[in-house]
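Participant: Dumping the structure here so I can ask a few things about it.
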Amino acid sequence: MNPLNLKITEKNSNLRKDVFLGSPGELSQEERNILQLFDGATQENWEDWRWQLQNRIRCKEIISRIIELTQEEEEGIDGVGSKLHMSITPYFASLMEKDNIHCPIRKQCIPTSHEMKVSDEEMVDPCGEDSHSPVHGLVHRYPDRVLFLVSEMCAMYCRFCTRSRMVGDSHRTLNTNTYEKAIEYIKSNKQIRDVLISGGDPLMLSNELLEHLVKSIKEIPHVEFLRIGTRVPVTLPQRIDQPLIDVLKKYGPVWMSIHFNHFKEITPRVKVVCDSLADNGIPLGSQTVLLKGINDDPKIIKRLMHELLKVRVKPYYLYQCDPIVGSSHFRTPLSVGIKIMENLCGHTTGYAIPTFVIDTPGGGGKIPVSPNYIVSQENNKYFLRNYEGKQYIHHDPI
């Protein structure tokens with residue numbers, strides 16, 4: 001008998017088993033442990049992304065059956081009601097280490113009392129997106145590209161979320177009306193050649209609605225490049241089924257930027273999903289947020305980048321954590337990111353090296369930050385150092 005007597009959703013998926021692309025076969029012991037918390041739940045339920053969403057872990061009573069909560073975590077769960085509440089898919093919860101308070105998965109999704117502390121430099125909208133929004137749901141900060149926000153929902157709520165001002169908002173404001181206005185704006189501005197569909201998470205939409213948006217944008221003659229920004233392949237790999245892949249493939253090339261933060265997120269399920277996306281002509285890139293106590297170590301980042309290449313995901317950006325309200329415990333000094341880049345450049349293959357960027361507070365856009373390899377300059381001579389610290393001279397033509 002389930003001690004929590006949790007009721008599972010009666011509606012099971014009508015999808016065939018052969019479209020559960022993320023299933024590596026038998027469930028892991030950790031997955032079975034979580035599944036047992038839900039009376040009557042089966043492996044078919046576990047493989048159904050709708051069941052995963054409907055049974056997200058949102059309260060202290062349930063999460064305390066999975067891990068032993070610290071006082072800071074209990075206080076955080078109790079106190080985030082006015083901020084970004086807790087929401088964790090059963091799948092992602094199965095990746096947490098029960099007895100490790102430093103578990104990188106656990107620290108990303110369980111609130112702590114640190115979120116209640118606000119520093120002077122922190123902002124509700126640190127990237128200044130709202131001030132660069134010509135129509136609701138569209139951010140136009142760079143001349144030739146726009147950010148198209150289509151959903152306020154995510155499968156799992158990251159505690160360092162840049163858009164926590166809107167993610168999880170029960171008052172849905174992004175809808176077919178805002179979509180059409182955004183699409184009309186893109187049509188009317190011929191400078192726009194690149195559209196990034198994001199949110200929240202766009203893969204929270206139905207296949208039908210997502211196809212409508214992708215098709216509408218692809219039909220605009222001056223749009224050359226279409227991307228989808230998502231964390232779903234990491235937090236809800238069951239969502240990447242064959243019908244979804246068929247939609248993206250139909251309007252290809254549609255690029256996908258996936259948010260990975262730690263190599264532990266690249267499970268056998270995630271590997272199957274990334275392989276399936278790549279096999280169907282969907283180019284994959286990664287975006288990683290630099291997080292204190294989670295991945296602020298050159299060895300962890302290097303291993304993550306190597307594991308990404310193994311599943312055909314090209315490392316793209318390493319972000320300095322944005323100064324969102326209540327994020328001081330996640331943010332590192334800038335020197336930490338520079339040190340990590342020092343330990344990547346020259347020490348691993350170029351394909352494994354992302355661009356380290358700061359999305360400047362106030363809406364100034366992304367600024368790349370890298371180690372300084374120019375030691376000095378004298379007339380037409382540059383004195384350079386390499387990854388080993390050895391110096392060399394480069395002569396500019398006169």
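Note on naming: chains are A, B, ... as they come in the structure tokens, residues start from 1 per chain, ligands start from 1 in the order shown.
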Quick one: everything within 12 Å of A:Gly389, counting only C-alpha atoms, minus sequence neighbours fewer than 2 positions away in the same chain. Send it as a PyMOL selection string.

Facilitator: chain A and resi 342-343+345-346+371-375+383-387+391-392

Participant: Per residue of stretch 323-345 of chain A within 9 Å of stretch 118-142 of chain A, note the shortest atom pair and the distance in Å to one decimal, counting only C-alpha atoms, and order the rows by chain and increasing residue number, as a Markdown table.

Facilitator:
| residue | atom | partner | partner_atom | distance |
| --- | --- | --- | --- | --- |
| A:Pro323 | CA | A:Glu122 | CA | 4.8 |
| A:Ile324 | CA | A:Met123 | CA | 5.2 |
| A:Val325 | CA | A:Glu122 | CA | 5.0 |
| A:Gly326 | CA | A:Val118 | CA | 5.0 |
| A:Ser327 | CA | A:Glu122 | CA | 7.7 |
| A:Ser328 | CA | A:Ser119 | CA | 7.0 |

Participant: When you draw a straight line from atom CA of A:Ser335 to atom CA of A:Glu72, how long is it in Å?

Facilitator: 27.9 Å

Participant: Which neighbours of stretch 76-79 of chain A fall inside 6 Å, counting only C-alpha atoms, when residues of the same chain fewer than 2 positions from it are skipped, and could you give them as a ChimeraX atom specification?

Facilitator: /A:73-74,81,111-113

Participant: Do a neighbour search on stretch 348-352 of chain A at 9 Å with only C-alpha atoms, toss out local chain neighbours closer than 5 positions, and write the hits as a list in words.

Facilitator: Lys302, Met305, His306, Leu308, Leu309, Lys314, Pro315, Tyr316 and Asn343 of chain A

Participant: Calculated over only C-alpha atoms, which of the candidates A:His259, A:Lys249, A:Lys264, A:Arg165 has the smallest distance to A:Asp279?

Facilitator: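 Comparing A:His259, A:Lys249, A:Lys264, A:Arg165 against A:Asp279, the winner is A:Lys249.
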
Participant: Run DSSP on the backbone and tell me which residues of stretch 19-203 of chain A come out as strand (DSSP E); list them as JSON, numbers by chain.

Facilitator: {"A": [138, 139, 140, 141, 142, 145, 146, 147, 148, 149, 194, 195, 196, 197, 198]}
